[in-house]
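Next comes entry_16.txt, with compact mmCIF, C-alpha atoms and all ligand atoms.
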```
# COMPACT_ATOMS: atom_id res chain seq x y z
CA MET A 1 -142.80 9.00 -63.83
CA ARG A 2 -141.46 10.27 -67.15
CA ASN A 3 -141.95 13.60 -68.92
CA VAL A 4 -145.04 14.51 -66.90
CA ARG A 5 -146.05 18.14 -67.41
CA ILE A 6 -147.68 19.52 -64.28
CA MET A 7 -149.55 22.75 -63.67
CA LEU A 8 -150.20 24.01 -60.14
CA TYR A 9 -153.56 25.55 -59.25
CA GLY A 10 -153.32 27.22 -55.84
CA VAL A 11 -149.85 28.09 -54.62
CA GLY A 12 -150.51 28.59 -50.92
CA ALA A 13 -148.90 26.63 -48.09
CA VAL A 14 -149.57 23.19 -49.56
CA GLY A 15 -149.15 24.16 -53.24
CA SER A 16 -145.75 25.67 -52.39
CA LEU A 17 -144.56 22.52 -50.60
CA ILE A 18 -145.71 20.44 -53.57
CA ALA A 19 -143.86 22.75 -55.97
CA LYS A 20 -140.63 22.41 -53.98
CA PHE A 21 -140.93 18.62 -53.95
CA LEU A 22 -141.65 18.50 -57.69
CA LEU A 23 -138.61 20.66 -58.44
CA GLU A 24 -136.42 17.97 -56.84
CA LYS A 25 -138.18 15.07 -58.50
CA GLU A 26 -137.07 13.43 -61.75
CA GLY A 27 -139.49 12.86 -64.61
CA VAL A 28 -141.77 15.81 -63.87
CA GLU A 29 -141.80 19.42 -65.04
CA ILE A 30 -143.85 22.32 -63.69
CA ILE A 31 -145.17 24.13 -66.77
CA GLY A 32 -147.39 26.76 -65.16
CA ALA A 33 -149.11 27.98 -62.02
CA VAL A 34 -152.41 29.64 -61.18
CA ASP A 35 -153.45 31.54 -58.07
CA LYS A 36 -156.01 34.24 -57.35
CA ALA A 37 -154.02 36.09 -54.65
CA LYS A 38 -153.23 39.59 -55.94
CA ASP A 39 -149.80 39.56 -54.31
CA LYS A 40 -148.86 36.41 -56.26
CA ILE A 41 -150.24 37.01 -59.77
CA GLY A 42 -147.50 38.03 -62.23
CA LYS A 43 -144.64 36.96 -59.94
CA ASP A 44 -142.17 34.18 -60.65
CA LEU A 45 -143.04 30.94 -58.83
CA SER A 46 -139.62 31.04 -57.11
CA GLU A 47 -140.62 34.25 -55.25
CA ILE A 48 -143.76 32.58 -53.90
CA ILE A 49 -142.22 29.31 -52.78
CA GLY A 50 -139.01 30.94 -51.54
CA THR A 51 -136.38 29.33 -53.78
CA LYS A 52 -133.34 31.33 -54.93
CA LYS A 53 -133.16 30.43 -58.62
CA LYS A 54 -135.72 32.10 -60.90
CA LEU A 55 -137.90 29.40 -62.46
CA GLY A 56 -139.40 31.24 -65.43
CA ILE A 57 -142.92 30.21 -64.34
CA THR A 58 -145.19 33.21 -63.87
CA ILE A 59 -148.25 32.93 -61.63
CA SER A 60 -151.30 33.33 -63.86
CA LYS A 61 -154.75 34.44 -62.79
CA ASN A 62 -156.58 31.59 -64.54
CA VAL A 63 -156.13 28.31 -66.41
CA ASP A 64 -156.61 29.82 -69.90
CA GLU A 65 -153.76 32.26 -69.29
CA ALA A 66 -151.52 29.61 -67.69
CA LEU A 67 -152.04 27.20 -70.58
CA SER A 68 -151.57 29.74 -73.35
CA GLY A 69 -148.95 28.18 -75.67
CA ARG A 70 -148.31 25.31 -73.21
CA LYS A 71 -149.55 21.79 -72.63
CA ALA A 72 -150.13 20.08 -69.30
CA ASP A 73 -150.80 16.41 -68.51
CA ILE A 74 -152.16 17.02 -65.04
CA VAL A 75 -153.03 19.83 -62.65
CA ILE A 76 -152.34 19.69 -58.93
CA HIS A 77 -155.14 21.68 -57.34
CA ALA A 78 -154.84 23.01 -53.76
CA THR A 79 -157.14 25.94 -52.99
CA SER A 80 -160.03 25.18 -50.62
CA SER A 81 -161.95 22.50 -48.78
CA PHE A 82 -165.52 22.59 -50.08
CA LEU A 83 -166.65 21.32 -53.47
CA LYS A 84 -169.15 24.14 -54.04
CA ASP A 85 -166.15 26.52 -54.00
CA THR A 86 -163.75 24.34 -55.97
CA TYR A 87 -166.21 23.01 -58.56
CA PRO A 88 -165.82 25.94 -61.02
CA GLN A 89 -162.03 25.85 -60.62
CA ILE A 90 -161.84 22.11 -61.30
CA ALA A 91 -164.37 22.39 -64.15
CA SER A 92 -162.20 25.08 -65.79
CA ILE A 93 -159.31 22.60 -65.81
CA ILE A 94 -161.15 19.54 -67.10
CA GLU A 95 -162.77 21.58 -69.87
CA HIS A 96 -159.23 21.69 -71.29
CA GLY A 97 -159.15 17.86 -71.18
CA ILE A 98 -156.56 17.90 -68.38
CA ARG A 99 -156.54 15.53 -65.41
CA VAL A 100 -156.74 16.84 -61.84
CA VAL A 101 -155.49 15.69 -58.44
CA SER A 102 -156.96 17.92 -55.74
CA THR A 103 -156.50 18.42 -51.99
CA CYS A 104 -160.15 19.52 -51.68
CA GLU A 105 -161.37 17.58 -48.64
CA GLU A 106 -164.98 17.18 -49.79
CA LEU A 107 -163.81 15.84 -53.14
CA THR A 108 -162.23 12.79 -51.44
CA TYR A 109 -165.76 11.38 -51.14
CA PRO A 110 -168.12 13.92 -52.70
CA TYR A 111 -171.08 11.50 -52.82
CA LEU A 112 -171.82 12.15 -49.14
CA LYS A 113 -172.74 15.84 -49.28
CA GLU A 114 -172.43 16.99 -52.89
CA THR A 115 -173.90 14.13 -54.93
CA LYS A 116 -175.23 16.41 -57.67
CA LEU A 117 -171.93 18.27 -58.08
CA ALA A 118 -170.08 14.92 -58.05
CA GLU A 119 -172.29 13.55 -60.83
CA LYS A 120 -171.88 16.77 -62.82
CA LEU A 121 -168.11 16.62 -62.40
CA ASP A 122 -168.01 12.95 -63.42
CA ALA A 123 -170.08 13.69 -66.56
CA LEU A 124 -167.93 16.72 -67.44
CA ALA A 125 -164.72 14.73 -66.94
CA LYS A 126 -166.00 11.93 -69.19
CA LYS A 127 -167.07 14.45 -71.84
CA HIS A 128 -163.61 16.01 -71.92
CA ASN A 129 -161.67 12.76 -71.44
CA ALA A 130 -160.19 13.88 -68.12
CA THR A 131 -159.78 12.14 -64.76
CA VAL A 132 -160.36 13.74 -61.35
CA LEU A 133 -159.24 12.55 -57.91
CA GLY A 134 -159.54 14.18 -54.49
CA THR A 135 -156.92 12.96 -52.04
CA GLY A 136 -154.41 13.96 -49.37
CA ILE A 137 -153.16 12.60 -46.08
CA ASN A 138 -156.42 13.07 -44.17
CA PRO A 139 -158.91 12.79 -45.71
CA GLY A 140 -157.45 10.68 -48.49
CA PHE A 141 -155.20 8.19 -46.77
CA LEU A 142 -154.63 7.74 -43.01
CA MET A 143 -158.23 7.54 -41.77
CA ASP A 144 -159.84 6.02 -44.87
CA THR A 145 -157.67 4.42 -47.63
CA LEU A 146 -155.34 2.78 -45.08
CA VAL A 147 -158.34 1.58 -43.03
CA ILE A 148 -159.98 0.15 -46.16
CA THR A 149 -156.73 -1.62 -47.12
CA LEU A 150 -156.43 -3.27 -43.68
CA THR A 151 -159.99 -4.63 -43.91
CA ALA A 152 -158.78 -6.79 -46.82
CA VAL A 153 -157.66 -9.48 -44.34
CA CYS A 154 -161.01 -9.59 -42.50
CA GLN A 155 -163.79 -12.13 -42.97
CA LYS A 156 -166.13 -10.29 -40.57
CA ILE A 157 -166.08 -6.78 -39.10
CA ASP A 158 -168.02 -5.54 -36.07
CA LYS A 159 -166.42 -2.17 -35.47
CA ILE A 160 -163.69 0.09 -36.87
CA THR A 161 -161.92 2.79 -34.86
CA ALA A 162 -159.24 5.08 -36.32
CA THR A 163 -157.49 7.62 -34.10
CA ARG A 164 -155.02 10.33 -35.14
CA VAL A 165 -153.21 12.25 -32.41
CA MET A 166 -150.85 15.04 -33.46
CA ASP A 167 -148.62 17.33 -31.42
CA ALA A 168 -149.58 20.59 -33.12
CA GLY A 169 -146.55 22.28 -31.55
CA LYS A 170 -144.44 20.73 -34.32
CA ARG A 171 -146.66 22.10 -37.11
CA ARG A 172 -146.87 25.36 -39.04
CA GLN A 173 -148.15 28.52 -37.36
CA PRO A 174 -151.32 28.71 -39.57
CA PHE A 175 -152.20 25.17 -38.47
CA GLN A 176 -151.77 26.09 -34.80
CA LYS A 177 -154.05 29.11 -35.32
CA LYS A 178 -156.57 26.99 -37.23
CA ILE A 179 -157.00 24.69 -34.22
CA GLY A 180 -157.38 27.59 -31.77
CA ALA A 181 -154.13 27.09 -29.85
CA GLY A 182 -153.52 29.91 -27.35
CA LEU A 183 -157.15 31.06 -27.12
CA THR A 184 -159.22 31.06 -23.94
CA THR A 185 -162.07 28.53 -24.05
CA LYS A 186 -164.51 31.47 -24.34
CA GLU A 187 -162.64 32.85 -27.39
CA PHE A 188 -162.48 29.33 -28.84
CA HIS A 189 -166.25 28.81 -28.61
CA ALA A 190 -166.87 32.30 -30.08
CA LYS A 191 -164.67 31.41 -33.07
CA ILE A 192 -166.52 28.12 -33.52
CA GLU A 193 -169.80 30.10 -33.47
CA ASN A 194 -168.65 32.62 -36.08
CA GLY A 195 -167.06 29.96 -38.29
CA GLU A 196 -163.44 31.13 -37.87
CA ILE A 197 -162.60 27.70 -36.44
CA THR A 198 -164.20 24.95 -38.51
CA GLY A 199 -162.50 21.90 -37.08
CA HIS A 200 -161.18 19.18 -39.31
CA VAL A 201 -162.91 18.97 -42.69
CA GLY A 202 -163.34 15.52 -44.20
CA LEU A 203 -163.95 13.14 -41.29
CA GLU A 204 -167.48 12.31 -42.38
CA GLN A 205 -166.28 11.80 -45.98
CA SER A 206 -163.74 9.29 -44.63
CA VAL A 207 -166.49 7.41 -42.74
CA ALA A 208 -168.63 7.31 -45.89
CA MET A 209 -165.78 6.08 -48.09
CA ILE A 210 -164.93 3.26 -45.64
CA ALA A 211 -168.59 2.20 -45.43
CA SER A 212 -168.97 2.26 -49.20
CA ALA A 213 -165.79 0.20 -49.72
CA ILE A 214 -166.80 -2.58 -47.31
CA GLY A 215 -170.47 -2.53 -48.33
CA TRP A 216 -171.96 -1.23 -45.06
CA LYS A 217 -175.21 0.70 -45.25
CA LEU A 218 -174.99 3.21 -42.43
CA GLY A 219 -178.12 4.61 -40.80
CA LYS A 220 -176.38 7.94 -40.33
CA ILE A 221 -173.03 9.66 -40.10
CA THR A 222 -172.61 12.24 -37.36
CA VAL A 223 -169.78 14.58 -36.54
CA THR A 224 -169.48 15.54 -32.88
CA PRO A 225 -169.09 19.25 -32.03
CA VAL A 226 -165.49 20.40 -32.11
CA GLU A 227 -164.17 20.25 -28.52
CA PRO A 228 -161.28 22.34 -27.22
CA VAL A 229 -158.40 20.40 -25.67
CA VAL A 230 -157.56 22.40 -22.55
CA ALA A 231 -153.88 22.66 -21.50
CA LYS A 232 -153.30 20.95 -18.14
CA LYS A 233 -150.03 22.86 -17.87
CA ALA A 234 -148.43 25.73 -19.82
CA VAL A 235 -147.04 24.68 -23.18
CA ALA A 236 -145.33 26.66 -25.95
CA SER A 237 -144.34 26.23 -29.58
CA ASP A 238 -142.03 28.50 -31.59
CA TYR A 239 -145.08 30.67 -32.36
CA ILE A 240 -147.69 30.34 -29.62
CA LYS A 241 -147.70 30.21 -25.80
CA VAL A 242 -150.60 28.39 -24.16
CA LYS A 243 -151.35 29.08 -20.49
CA THR A 244 -152.71 26.42 -18.14
CA GLY A 245 -156.49 26.27 -18.66
CA ASP A 246 -156.35 27.80 -22.16
CA VAL A 247 -156.88 25.97 -25.42
CA ALA A 248 -154.03 23.78 -26.68
CA GLY A 249 -155.93 22.53 -29.74
CA LEU A 250 -159.00 20.54 -30.64
CA ARG A 251 -160.63 17.14 -30.81
CA GLN A 252 -163.36 15.97 -33.13
CA LYS A 253 -165.04 12.66 -33.86
CA ALA A 254 -167.12 11.29 -36.70
CA LEU A 255 -169.38 8.32 -36.10
CA GLY A 256 -170.87 5.91 -38.61
CA ILE A 257 -174.02 4.43 -37.05
CA LYS A 258 -175.14 0.96 -38.21
CA GLY A 259 -178.32 -0.34 -36.62
CA ASN A 260 -178.09 1.28 -33.20
CA LYS A 261 -174.33 0.79 -32.89
CA GLU A 262 -171.35 3.06 -33.46
CA ALA A 263 -169.74 0.90 -36.16
CA ILE A 264 -167.13 3.36 -37.46
CA ILE A 265 -165.45 5.85 -35.13
CA LEU A 266 -162.89 8.33 -36.40
CA ASP A 267 -161.22 10.35 -33.66
CA PHE A 268 -159.04 13.32 -34.66
CA GLN A 269 -156.97 15.15 -32.04
CA ALA A 270 -154.48 17.95 -32.71
CA TYR A 271 -153.06 19.95 -29.81
CA LEU A 272 -149.84 21.42 -28.48
CA GLY A 273 -148.10 19.15 -26.00
CA ALA A 274 -149.64 15.81 -27.06
CA LYS A 275 -147.38 13.32 -25.25
CA GLU A 276 -147.84 10.50 -27.71
CA GLU A 277 -148.33 11.15 -31.44
CA TYR A 278 -149.84 8.27 -33.39
CA ASP A 279 -152.14 6.99 -36.11
CA ALA A 280 -153.99 3.94 -34.84
CA ILE A 281 -156.49 1.67 -36.57
CA LYS A 282 -158.42 -0.96 -34.64
CA ILE A 283 -160.68 -3.35 -36.51
CA GLU A 284 -162.78 -5.60 -34.30
CA GLY A 285 -163.76 -8.66 -36.31
CA VAL A 286 -162.42 -11.93 -37.64
CA PRO A 287 -159.54 -11.53 -37.39
CA SER A 288 -159.21 -8.37 -35.33
CA VAL A 289 -156.50 -6.01 -36.57
CA ASN A 290 -154.55 -3.51 -34.48
CA GLN A 291 -152.19 -1.19 -36.26
CA LYS A 292 -150.31 1.76 -34.79
CA ILE A 293 -147.94 4.16 -36.56
CA GLN A 294 -145.73 6.01 -34.10
CA PRO A 295 -145.14 8.90 -34.31
CA CYS A 296 -148.09 9.87 -36.50
CA VAL A 297 -147.34 10.63 -40.15
CA HIS A 298 -146.41 14.30 -40.59
CA GLY A 299 -149.41 16.01 -42.17
CA ASP A 300 -147.61 18.29 -44.63
CA VAL A 301 -145.03 15.74 -45.73
CA GLY A 302 -147.71 13.08 -46.10
CA THR A 303 -150.03 15.40 -48.04
CA VAL A 304 -147.34 16.32 -50.56
CA ALA A 305 -146.39 12.65 -50.99
CA THR A 306 -149.96 11.35 -51.34
CA ILE A 307 -150.79 13.97 -53.95
CA VAL A 308 -147.62 13.49 -56.03
CA ASN A 309 -147.67 9.68 -55.70
CA SER A 310 -151.25 9.64 -57.03
CA ILE A 311 -150.17 11.21 -60.33
CA PRO A 312 -149.32 7.91 -62.15
CA LYS A 313 -152.59 6.30 -60.95
CA VAL A 314 -154.59 9.25 -62.25
CA LEU A 315 -152.67 9.33 -65.54
CA GLN A 316 -153.49 5.64 -66.08
CA ALA A 317 -157.14 5.80 -64.97
CA PRO A 318 -160.03 6.13 -67.41
CA ALA A 319 -161.96 9.40 -67.71
CA GLY A 320 -164.29 10.35 -64.85
CA LEU A 321 -164.35 11.21 -61.16
CA PHE A 322 -162.60 8.71 -58.88
CA THR A 323 -162.01 8.30 -55.16
CA MET A 324 -159.04 6.59 -53.54
CA LYS A 325 -161.03 3.38 -53.04
CA ASP A 326 -161.55 3.13 -56.82
CA LEU A 327 -157.89 3.37 -57.86
CA PRO A 328 -155.12 0.72 -57.65
CA VAL A 329 -153.23 0.31 -54.33
CA PRO A 330 -151.36 3.55 -53.57
CA SER A 331 -147.56 3.52 -53.42
CA ALA A 332 -144.51 5.77 -53.44
CA THR A 333 -143.15 6.73 -56.87
CA LEU A 334 -139.39 6.58 -56.45
CA GLU A 335 -136.80 7.45 -59.08
CA SER A 336 -134.76 4.27 -58.62
N1 LIG B 401 -156.80 16.31 -47.90
C1 LIG B 401 -155.77 16.68 -47.15
O1 LIG B 401 -155.14 15.84 -46.50
C2 LIG B 401 -155.32 18.11 -47.10
C3 LIG B 401 -154.07 18.42 -46.53
C4 LIG B 401 -153.65 19.75 -46.52
C5 LIG B 401 -154.47 20.75 -47.02
N2 LIG B 401 -155.69 20.41 -47.52
C6 LIG B 401 -156.56 21.46 -48.08
O2 LIG B 401 -155.93 22.00 -49.23
C7 LIG B 401 -156.36 23.35 -49.41
C8 LIG B 401 -155.13 24.25 -49.62
O3 LIG B 401 -154.41 24.30 -48.40
P1 LIG B 401 -153.34 25.45 -48.11
O4 LIG B 401 -152.90 25.24 -46.71
O5 LIG B 401 -152.33 25.48 -49.20
O6 LIG B 401 -154.26 26.76 -48.21
P2 LIG B 401 -153.76 28.25 -48.45
O7 LIG B 401 -152.41 28.46 -47.84
O8 LIG B 401 -154.89 29.13 -48.05
O9 LIG B 401 -153.53 28.34 -50.04
C9 LIG B 401 -154.56 28.31 -50.98
C10 LIG B 401 -154.15 29.19 -52.15
O10 LIG B 401 -155.12 29.02 -53.19
C11 LIG B 401 -155.56 30.34 -53.57
N3 LIG B 401 -156.93 30.26 -54.07
C12 LIG B 401 -158.08 30.19 -53.35
N4 LIG B 401 -159.14 30.16 -54.18
C13 LIG B 401 -158.64 30.23 -55.45
C14 LIG B 401 -159.23 30.28 -56.73
N5 LIG B 401 -160.55 30.29 -56.89
N6 LIG B 401 -158.41 30.35 -57.82
C15 LIG B 401 -157.07 30.38 -57.66
N7 LIG B 401 -156.45 30.37 -56.46
C16 LIG B 401 -157.22 30.28 -55.37
C17 LIG B 401 -155.45 31.17 -52.31
O11 LIG B 401 -155.48 32.55 -52.60
P3 LIG B 401 -156.03 33.58 -51.46
O12 LIG B 401 -154.99 33.54 -50.38
O13 LIG B 401 -156.15 34.88 -52.17
O14 LIG B 401 -157.35 33.02 -51.00
C18 LIG B 401 -154.11 30.70 -51.78
O15 LIG B 401 -153.05 31.33 -52.42
C19 LIG B 401 -157.16 23.71 -48.13
O16 LIG B 401 -158.53 23.57 -48.39
C20 LIG B 401 -156.72 22.66 -47.15
O17 LIG B 401 -157.68 22.43 -46.14
C21 LIG B 401 -156.11 19.13 -47.59
```
Go through the file and emit its structure as structure tokens.
Amino acid sequence: MRNVRIMLYGVGAVGSLIAKFLLEKEGVEIIGAVDKAKDKIGKDLSEIIGTKKKLGITISKNVDEALSGRKADIVIHATSSFLKDTYPQIASIIEHGIRVVSTCEELTYPYLKETKLAEKLDALAKKHNATVLGTGINPGFLMDTLVITLTAVCQKIDKITATRVMDAGKRRQPFQKKIGAGLTTKEFHAKIENGEITGHVGLEQSVAMIASAIGWKLGKITVTPVEPVVAKKAVASDYIKVKTGDVAGLRQKALGIKGNKEAIILDFQAYLGAKEEYDAIKIEGVPSVNQKIQPCVHGDVGTVATIVNSIPKVLQAPAGLFTMKDLPVPSATLES
């Protein structure tokens, strides 16, 4: 990458990690940053991401303010998971004719649940000569793009299973809270009821993207209820202690049904104390393919990389809304 001017939109946990990575990377420059959090607006980016040297980039409250007197080639957007929430934010960027790479989970395959918004976004992007991509590690790569890529060697496919097992004890505290670690099963189910625990967002979008790429017409896509993974013995991370019988994390599956068969199964498990961490893809067909990455790819590191490595693909793509299956083969973007 050379002389790429990047603006950040959303400087939370992921936006901050992306900013730190970009500051070390050659060929890119952060020219501005937007966030709505009152305790961030007006501060220097360095204070938010925790770097010592002042960066001279003030957090602005909106895109117009952040772009005043500056130009950006692309915006890295990392605020929330659902397209109905992120649509106005992304629209406000593309109205400036600027490309967007977003971590918004629903945007990775918006045609499943938000077809109208996807079409509107595509039309708006074309009108303003901008390109939009939703991606990330999952959804965006491990349980969809990588699966799709492996199907390239198959003549026939009967069934696809992708499993991701993570030891949540090695992850950030907010992630451990998000999966309910440390709660009793009663508290866990209450938080599922009131929406405080949502489970993993994006599994059904991954199923839909795989099916679309290989030309399968699925009868339906279902997501199983989020299940607690109960600790068989006490387990602790740096932040949370889980007693035997309490919740160590969660498990969730998405199923793509073809005919009366489960043709695509995505199985996501994140809990403290997982003995084996892996990303596995099993394709039953001609030929069958079995692939296992051990340990599993680190979620945060992989998210930052997938987002930043997508920048050249998005810069070279025509105007419109794209998904990972529409762009050239993903790769790292190394300096040398
Ligand atoms: N696809 C993937 O693989 C992947 C991987 C990681 C994360 N994600 C998703 O990426 C998103 C960001 O993750 P995160 O962990 O960084 O979340 P986070 O820590 O909550 O940070 C989000 C930041 O964006 C700000 N924000 C929210 N709405 C905004 C708006 N309308 N305008 C400007 N700023 C806004 C938030 O401000 P407030 O705090 O005031 O709300 C917060 O500062 C989440 O939806 C997450 O699920 C996806």
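Nearest to ligand LIG 401 (chain B) of all the residues A:Ser102, A:Gln176, A:Gln294, A:Thr115 is A:Ser102, counting all atoms listed in the file.
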Closest contacts (chain A/ligand LIG 401 (chain B), max 9 Å, all atoms listed in the file) as a Markdown table:
```
| residue | atom | partner | partner_atom | distance |
| --- | --- | --- | --- | --- |
| A:Tyr9 | CA | B:LIG401 | C15 | 6.2 |
| A:Gly10 | CA | B:LIG401 | O10 | 3.7 |
| A:Val11 | CA | B:LIG401 | O15 | 5.1 |
| A:Gly12 | CA | B:LIG401 | O9 | 3.2 |
| A:Ala13 | CA | B:LIG401 | O5 | 3.8 |
| A:Val14 | CA | B:LIG401 | O5 | 3.6 |
| A:Gly15 | CA | B:LIG401 | O5 | 5.3 |
| A:Ser16 | CA | B:LIG401 | O5 | 7.3 |
| A:Leu17 | CA | B:LIG401 | O5 | 8.4 |
| A:Val34 | CA | B:LIG401 | C15 | 5.9 |
| A:Asp35 | CA | B:LIG401 | N7 | 3.6 |
| A:Lys36 | CA | B:LIG401 | N7 | 4.0 |
| A:Ala37 | CA | B:LIG401 | O13 | 3.5 |
| A:Lys38 | CA | B:LIG401 | O13 | 6.7 |
| A:Asp39 | CA | B:LIG401 | O13 | 8.2 |
| A:Lys40 | CA | B:LIG401 | O15 | 7.6 |
| A:Ser60 | CA | B:LIG401 | C15 | 9.0 |
| A:Lys61 | CA | B:LIG401 | C15 | 6.9 |
| A:Asn62 | CA | B:LIG401 | C15 | 7.0 |
| A:His77 | CA | B:LIG401 | C8 | 8.1 |
| A:Ala78 | CA | B:LIG401 | C8 | 4.3 |
| A:Thr79 | CA | B:LIG401 | O10 | 3.7 |
| A:Ser80 | CA | B:LIG401 | O16 | 3.1 |
| A:Ser81 | CA | B:LIG401 | O16 | 3.6 |
| A:Phe82 | CA | B:LIG401 | O16 | 7.3 |
| A:Asp85 | CA | B:LIG401 | N5 | 7.3 |
| A:Thr86 | CA | B:LIG401 | N5 | 6.8 |
| A:Pro88 | CA | B:LIG401 | N5 | 8.0 |
| A:Gln89 | CA | B:LIG401 | N5 | 6.0 |
| A:Ser102 | CA | B:LIG401 | O2 | 7.8 |
| A:Thr103 | CA | B:LIG401 | C21 | 4.5 |
| A:Cys104 | CA | B:LIG401 | C6 | 5.4 |
| A:Glu105 | CA | B:LIG401 | N1 | 4.8 |
| A:Glu106 | CA | B:LIG401 | N1 | 8.4 |
| A:Leu107 | CA | B:LIG401 | N1 | 8.8 |
| A:Thr108 | CA | B:LIG401 | N1 | 7.4 |
| A:Gly134 | CA | B:LIG401 | N1 | 7.4 |
| A:Thr135 | CA | B:LIG401 | N1 | 5.3 |
| A:Gly136 | CA | B:LIG401 | O1 | 3.5 |
| A:Ile137 | CA | B:LIG401 | O1 | 3.8 |
| A:Asn138 | CA | B:LIG401 | O1 | 3.8 |
| A:Pro139 | CA | B:LIG401 | N1 | 4.7 |
| A:Gly140 | CA | B:LIG401 | N1 | 5.7 |
| A:Phe141 | CA | B:LIG401 | O1 | 7.7 |
| A:Leu142 | CA | B:LIG401 | O1 | 8.8 |
| A:Pro174 | CA | B:LIG401 | O4 | 8.1 |
| A:Phe175 | CA | B:LIG401 | O4 | 8.3 |
| A:His200 | CA | B:LIG401 | O17 | 8.3 |
| A:Val201 | CA | B:LIG401 | O17 | 7.2 |
| A:Gly202 | CA | B:LIG401 | N1 | 7.6 |
| A:Gly299 | CA | B:LIG401 | C3 | 6.8 |
| A:Asp300 | CA | B:LIG401 | C4 | 6.5 |
| A:Gly302 | CA | B:LIG401 | O1 | 7.9 |
| A:Thr303 | CA | B:LIG401 | C3 | 5.3 |
| A:Val304 | CA | B:LIG401 | C3 | 8.1 |
| A:Thr306 | CA | B:LIG401 | O1 | 8.4 |
| A:Ile307 | CA | B:LIG401 | O1 | 8.8 |
```
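Nearest to Lys313 in chain A of all the residues A:Ala213, A:Ile76, A:Val329, A:Ile6 is A:Val329, based on all atoms listed in the file.
The space separating CA of Lys53 in chain A from CA of Leu23 in chain A comes to 11.2 Å.
Polymer residues near (-175.5, 2.7, -42.5): counting all atoms listed in the file with a cut-off of 9 Å, they are Ala208, Ala211, Trp216, Lys217, Leu218, Gly219, Lys220, Ile221, Gly256, Ile257, Lys258, Gly259 and Ala263 of chain A.
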task: Skip Ser288 in chain A itself and residues of its chain fewer than 5 positions away, then list as a PyMOL selection string all residues within 12 Å of it, counting all atoms listed in the file.
output: chain A and resi 150-161+281-283
- prompt: Could you name the residues that touch range 63-73 of chain A at 7 Å or less, counting all atoms listed in the file, but leaving out those on the same chain fewer than 2 positions away, as a list in words?
  reply: Val4, Arg5, Ile6, Met7, Ile31, Gly32, Ala33, Val34, Ser60, Lys61, Ser92, Ile93, Ile98 and Arg99 of chain A
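Here CA of Tyr109 in chain A and CA of Phe268 in chain A stand 17.9 Å from one another.
Checking A:Lys127, A:His298, A:Arg164, A:Lys253 one by one against Met143 in chain A, counting only C-alpha atoms, you find the shortest gap at A:Arg164.
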Of the listed residues A:Thr323, A:Asn290, A:Asn260, A:Asn309, that which approaches Ala162 in chain A most closely, counting all atoms listed in the file: A:Asn290
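Picture a line from CA of Lys43 in chain A to CA of Gly97 in chain A; it runs 26.5 Å.
Among the candidates A:Gly320, A:Gly249, A:Gly215, A:Pro328, the residue lying nearest to Thr185 in chain A is A:Gly249 (atoms considered: only C-alpha atoms).
Among the candidates A:Glu277, A:Val301, A:Leu55, A:Phe322, the one nearest to Glu119 in chain A when counting all atoms listed in the file is A:Phe322.
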message: What's around Ile240 in chain A at 8 Å? Count all atoms listed in the file, leave out sequence neighbours fewer than 3 positions away in its own chain, and write the answer as a list in words.
response: Gln173, Gln176, Ala181, Gly182, Ala236 and Ser237 of chain A
message: Can you tell me which residues surround Glu227 in chain A at a distance of at most 8 Å, considering only C-alpha atoms, apart from same-chain residues fewer than 3 positions away, and format the answer as JSON, numbers by chain?
response: {"A": [250, 251, 252]}
query: What lies within 8 Å of Leu183 in chain A using all atoms listed in the file, ignoring chain neighbours under 6 positions off, as a PyMOL selection string?
result: chain A and resi 242+246-248
